[in-house]
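Asks: First the structure, which I've put down as structure tokens, then a few questions once you've had a look.
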Amino acid sequence: MHLPSYCCVLCHLNVEEYLTHLFLHCPFSIACWWSFHVTVPNSMNIFQIKESIQSQLPAPFFMDVIIIMCWAIWSSRNDKIFKDFDNSIRCCKEIFKKEFVQVILKVKIDMKPMLTTWLQAYV
């Protein structure tokens with residue numbers, strides 16, 4: 001697809017938007033991760049980054065957090081492109097919260113308190 005620009009719309013660094021930039025290294029994404037007290041290393045491969053995030057989120061559902069945070073960043077990006085919304089960490093966290101609540105509704109009953117407590121502590 002030919003577009004007028006392939007630069008990341010979430011930052012003003014004039015950097016081409018590629019997956020690792022968008023979800024891990026964009027200043028907006030870094031701030032979103034940091035809002036969950038997660039520092040994403042920038043010099044590791046993707047598997048080392050996953051292990052780093054896992055060690056910072058010592059919970060059995062850490063992968064759900066990673067997936068939902070990526071979805072929240074993606075949604076924030078699309079809101080900027082298609083709806084001309086200003087991107088903010090608060091909006092990204094609201095998207096995250098909305099999606100994480102959906103996960104809580106679908107988990108086994110014994111997992112609900114742990115997930116709810118974690119969500120209340122971070123969002």
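The way I read the labels, and the way they are meant: chains A, B, ... in the order of the structure tokens, residue 1 as the first residue of every chain, and ligand 1 as the first ligand shown, with later ones counted on from there.
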Taking 2 positions as the minimum chain separation for residues in the same chain, which residues sit within 10 Å of Ser29 (chain A) when counting only C-alpha atoms? Answer as a PyMOL selection string.

Replies: chain A and resi 10-11+21-27+31-35+40+69-70+72-74+76+89+92

Asks: Let's have the selection written as a PDB file, in the first residue's frame, with N, CA and C atoms.

Replies:
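The result, written out as result36.pdb:
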```pdb
ATOM      1  N   LEU A  10       2.628   8.293  16.472  1.00  0.00           N
ATOM      2  CA  LEU A  10       2.567   8.469  17.916  1.00  0.00           C
ATOM      3  C   LEU A  10       3.738   9.271  18.476  1.00  0.00           C
ATOM      4  N   CYS A  11       4.773   9.432  17.702  1.00  0.00           N
ATOM      5  CA  CYS A  11       5.914  10.228  18.156  1.00  0.00           C
ATOM      6  C   CYS A  11       6.306  11.203  17.049  1.00  0.00           C
ATOM      7  N   HIS A  21       9.341  -0.755  16.872  1.00  0.00           N
ATOM      8  CA  HIS A  21       9.258   0.665  17.243  1.00  0.00           C
ATOM      9  C   HIS A  21       7.892   0.963  17.835  1.00  0.00           C
ATOM     10  N   LEU A  22       6.835   0.595  17.122  1.00  0.00           N
ATOM     11  CA  LEU A  22       5.477   0.924  17.548  1.00  0.00           C
ATOM     12  C   LEU A  22       5.150   0.373  18.931  1.00  0.00           C
ATOM     13  N   PHE A  23       5.442  -0.886  19.181  1.00  0.00           N
ATOM     14  CA  PHE A  23       5.014  -1.524  20.427  1.00  0.00           C
ATOM     15  C   PHE A  23       6.025  -1.450  21.561  1.00  0.00           C
ATOM     16  N   LEU A  24       7.290  -1.178  21.255  1.00  0.00           N
ATOM     17  CA  LEU A  24       8.304  -1.255  22.299  1.00  0.00           C
ATOM     18  C   LEU A  24       9.199  -0.030  22.432  1.00  0.00           C
ATOM     19  N   HIS A  25       9.522   0.644  21.335  1.00  0.00           N
ATOM     20  CA  HIS A  25      10.549   1.676  21.392  1.00  0.00           C
ATOM     21  C   HIS A  25      10.075   3.094  21.115  1.00  0.00           C
ATOM     22  N   CYS A  26       8.873   3.270  20.661  1.00  0.00           N
ATOM     23  CA  CYS A  26       8.303   4.592  20.460  1.00  0.00           C
ATOM     24  C   CYS A  26       8.186   5.268  21.833  1.00  0.00           C
ATOM     25  N   PRO A  27       8.521   6.542  21.953  1.00  0.00           N
ATOM     26  CA  PRO A  27       8.380   7.217  23.254  1.00  0.00           C
ATOM     27  C   PRO A  27       6.981   7.076  23.860  1.00  0.00           C
ATOM     28  N   ALA A  31       6.261   5.115  27.401  1.00  0.00           N
ATOM     29  CA  ALA A  31       5.501   5.736  28.494  1.00  0.00           C
ATOM     30  C   ALA A  31       4.316   4.862  28.914  1.00  0.00           C
ATOM     31  N   CYS A  32       3.669   4.225  27.945  1.00  0.00           N
ATOM     32  CA  CYS A  32       2.554   3.330  28.278  1.00  0.00           C
ATOM     33  C   CYS A  32       3.040   2.155  29.108  1.00  0.00           C
ATOM     34  N   TRP A  33       4.140   1.543  28.704  1.00  0.00           N
ATOM     35  CA  TRP A  33       4.695   0.433  29.480  1.00  0.00           C
ATOM     36  C   TRP A  33       5.119   0.907  30.859  1.00  0.00           C
ATOM     37  N   TRP A  34       5.754   2.074  30.918  1.00  0.00           N
ATOM     38  CA  TRP A  34       6.226   2.596  32.192  1.00  0.00           C
ATOM     39  C   TRP A  34       5.064   2.856  33.153  1.00  0.00           C
ATOM     40  N   SER A  35       3.892   3.186  32.620  1.00  0.00           N
ATOM     41  CA  SER A  35       2.734   3.412  33.481  1.00  0.00           C
ATOM     42  C   SER A  35       2.338   2.134  34.230  1.00  0.00           C
ATOM     43  N   VAL A  40      11.028  -1.341  29.134  1.00  0.00           N
ATOM     44  CA  VAL A  40      11.311  -2.207  27.986  1.00  0.00           C
ATOM     45  C   VAL A  40      12.748  -1.953  27.535  1.00  0.00           C
ATOM     46  N   MET A  69      -1.632  -4.852  26.217  1.00  0.00           N
ATOM     47  CA  MET A  69      -0.933  -3.560  26.093  1.00  0.00           C
ATOM     48  C   MET A  69      -0.620  -3.274  24.629  1.00  0.00           C
ATOM     49  N   CYS A  70      -0.177  -4.260  23.890  1.00  0.00           N
ATOM     50  CA  CYS A  70       0.072  -4.050  22.457  1.00  0.00           C
ATOM     51  C   CYS A  70      -1.217  -3.658  21.739  1.00  0.00           C
ATOM     52  N   ALA A  72      -3.752  -2.090  23.102  1.00  0.00           N
ATOM     53  CA  ALA A  72      -4.080  -0.725  23.527  1.00  0.00           C
ATOM     54  C   ALA A  72      -3.234   0.301  22.779  1.00  0.00           C
ATOM     55  N   ILE A  73      -1.961  -0.003  22.568  1.00  0.00           N
ATOM     56  CA  ILE A  73      -1.085   0.897  21.795  1.00  0.00           C
ATOM     57  C   ILE A  73      -1.567   0.955  20.352  1.00  0.00           C
ATOM     58  N   TRP A  74      -1.886  -0.200  19.777  1.00  0.00           N
ATOM     59  CA  TRP A  74      -2.394  -0.260  18.405  1.00  0.00           C
ATOM     60  C   TRP A  74      -3.695   0.545  18.266  1.00  0.00           C
ATOM     61  N   SER A  76      -4.680   3.010  20.158  1.00  0.00           N
ATOM     62  CA  SER A  76      -4.347   4.431  20.294  1.00  0.00           C
ATOM     63  C   SER A  76      -3.812   4.978  18.980  1.00  0.00           C
ATOM     64  N   ILE A  89      -1.434   8.744  27.481  1.00  0.00           N
ATOM     65  CA  ILE A  89      -1.220   7.549  28.290  1.00  0.00           C
ATOM     66  C   ILE A  89      -2.533   7.168  28.970  1.00  0.00           C
ATOM     67  N   CYS A  92      -4.724   5.298  26.578  1.00  0.00           N
ATOM     68  CA  CYS A  92      -4.183   3.960  26.346  1.00  0.00           C
ATOM     69  C   CYS A  92      -4.503   3.050  27.528  1.00  0.00           C
TER      70      CYS A  92
END
```

Asks: Go through A:Lys83, A:Pro41, A:Arg90, A:Val65 one by one, measure the shortest atom-to-atom distance of each to Ile104 (chain A) using only C-alpha atoms, and give the residue with the smallest value.

Replies: A:Val65

Asks: Could you tell me how far CA of Ser55 (chain A) sits from CA of Ser88 (chain A), in Å to one decimal place?

Replies: 26.2 Å

Asks: Need the shell around region 105-121 of chain A: protein/DNA/RNA residues with any atom at most 12 Å away, counting only C-alpha atoms. Skip same-chain ones fewer than 5 positions apart. Format as a list in words?

Replies: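 The residues that qualify are Ser35, Phe36, His37, Leu57, Pro58, Ala59, Pro60, Phe61, Phe62, Asp64, Val65, Lys93, Glu94, Phe96, Lys97, Lys98, Glu99 and Phe100 of chain A.
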
Asks: As a VMD selection string, please: all residues of region 31-66 of chain A that backbone DSSP puts in alpha helix (DSSP H).

Replies: chain A and resid 31 to 34 46 to 56 62 to 66

Asks: Would you mind exporting N, CA and C atoms of the selected residues as an mmCIF file, in the first residue's frame?

Replies:
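Printed below is part-v3.cif as written:
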```cif
data_model
loop_
_atom_site.group_PDB
_atom_site.id
_atom_site.type_symbol
_atom_site.label_atom_id
_atom_site.label_comp_id
_atom_site.auth_asym_id
_atom_site.auth_seq_id
_atom_site.Cartn_x
_atom_site.Cartn_y
_atom_site.Cartn_z
ATOM 1 N N ALA A 31 6.261 5.115 27.401
ATOM 2 C CA ALA A 31 5.501 5.736 28.494
ATOM 3 C C ALA A 31 4.316 4.862 28.914
ATOM 4 N N CYS A 32 3.669 4.225 27.945
ATOM 5 C CA CYS A 32 2.554 3.330 28.278
ATOM 6 C C CYS A 32 3.040 2.155 29.108
ATOM 7 N N TRP A 33 4.140 1.543 28.704
ATOM 8 C CA TRP A 33 4.695 0.433 29.480
ATOM 9 C C TRP A 33 5.119 0.907 30.859
ATOM 10 N N TRP A 34 5.754 2.074 30.918
ATOM 11 C CA TRP A 34 6.226 2.596 32.192
ATOM 12 C C TRP A 34 5.064 2.856 33.153
ATOM 13 N N ILE A 46 13.636 -9.903 20.652
ATOM 14 C CA ILE A 46 12.247 -9.947 21.102
ATOM 15 C C ILE A 46 12.029 -10.980 22.208
ATOM 16 N N PHE A 47 12.743 -12.079 22.185
ATOM 17 C CA PHE A 47 12.588 -13.101 23.218
ATOM 18 C C PHE A 47 13.168 -12.628 24.547
ATOM 19 N N GLN A 48 14.284 -11.914 24.496
ATOM 20 C CA GLN A 48 14.853 -11.353 25.715
ATOM 21 C C GLN A 48 13.952 -10.251 26.278
ATOM 22 N N ILE A 49 13.335 -9.482 25.393
ATOM 23 C CA ILE A 49 12.409 -8.441 25.848
ATOM 24 C C ILE A 49 11.219 -9.083 26.554
ATOM 25 N N LYS A 50 10.693 -10.174 25.984
ATOM 26 C CA LYS A 50 9.577 -10.890 26.621
ATOM 27 C C LYS A 50 9.976 -11.384 28.002
ATOM 28 N N GLU A 51 11.167 -11.937 28.125
ATOM 29 C CA GLU A 51 11.643 -12.427 29.415
ATOM 30 C C GLU A 51 11.829 -11.276 30.401
ATOM 31 N N SER A 52 12.288 -10.142 29.919
ATOM 32 C CA SER A 52 12.455 -8.975 30.782
ATOM 33 C C SER A 52 11.106 -8.488 31.306
ATOM 34 N N ILE A 53 10.124 -8.399 30.412
ATOM 35 C CA ILE A 53 8.787 -7.981 30.839
ATOM 36 C C ILE A 53 8.206 -8.999 31.808
ATOM 37 N N GLN A 54 8.406 -10.270 31.531
ATOM 38 C CA GLN A 54 7.908 -11.331 32.413
ATOM 39 C C GLN A 54 8.502 -11.188 33.813
ATOM 40 N N SER A 55 9.784 -10.872 33.905
ATOM 41 C CA SER A 55 10.411 -10.741 35.223
ATOM 42 C C SER A 55 9.910 -9.500 35.958
ATOM 43 N N GLN A 56 9.467 -8.486 35.213
ATOM 44 C CA GLN A 56 8.946 -7.268 35.836
ATOM 45 C C GLN A 56 7.468 -7.386 36.196
ATOM 46 N N PHE A 62 1.130 -12.761 32.730
ATOM 47 C CA PHE A 62 1.959 -11.706 32.144
ATOM 48 C C PHE A 62 1.784 -11.606 30.629
ATOM 49 N N MET A 63 1.577 -12.744 29.956
ATOM 50 C CA MET A 63 1.427 -12.723 28.502
ATOM 51 C C MET A 63 0.129 -12.018 28.101
ATOM 52 N N ASP A 64 -0.900 -12.170 28.894
ATOM 53 C CA ASP A 64 -2.148 -11.440 28.640
ATOM 54 C C ASP A 64 -1.897 -9.938 28.722
ATOM 55 N N VAL A 65 -1.103 -9.531 29.694
ATOM 56 C CA VAL A 65 -0.779 -8.110 29.848
ATOM 57 C C VAL A 65 -0.025 -7.614 28.621
ATOM 58 N N ILE A 66 0.942 -8.377 28.155
ATOM 59 C CA ILE A 66 1.714 -7.983 26.976
ATOM 60 C C ILE A 66 0.795 -7.831 25.765
#
```

Asks: When you count only C-alpha atoms, which of these residues is closest to Phe82 (chain A): A:Phe28, A:Val9, A:Tyr18, A:Val103?

Replies: A:Val9

Asks: Do a neighbour search on Ser5 (chain A) at 10 Å with only C-alpha atoms, toss out local chain neighbours closer than 2 positions, and write the hits as a ChimeraX atom specification.

Replies: /A:2-3,7-9,14,16-17

Asks: Provide the CA of Thr39 (chain A) to CA of Gln102 (chain A) distance in Å, to one decimal place.

Replies: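 CA of Thr39 (chain A) sits 25.4 Å away from CA of Gln102 (chain A).
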
Asks: To one decimal place in Å, what is the distance between CA of Asn87 (chain A) and CA of Ser75 (chain A)?

Replies: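 Between these atoms lies a distance of 9.9 Å.
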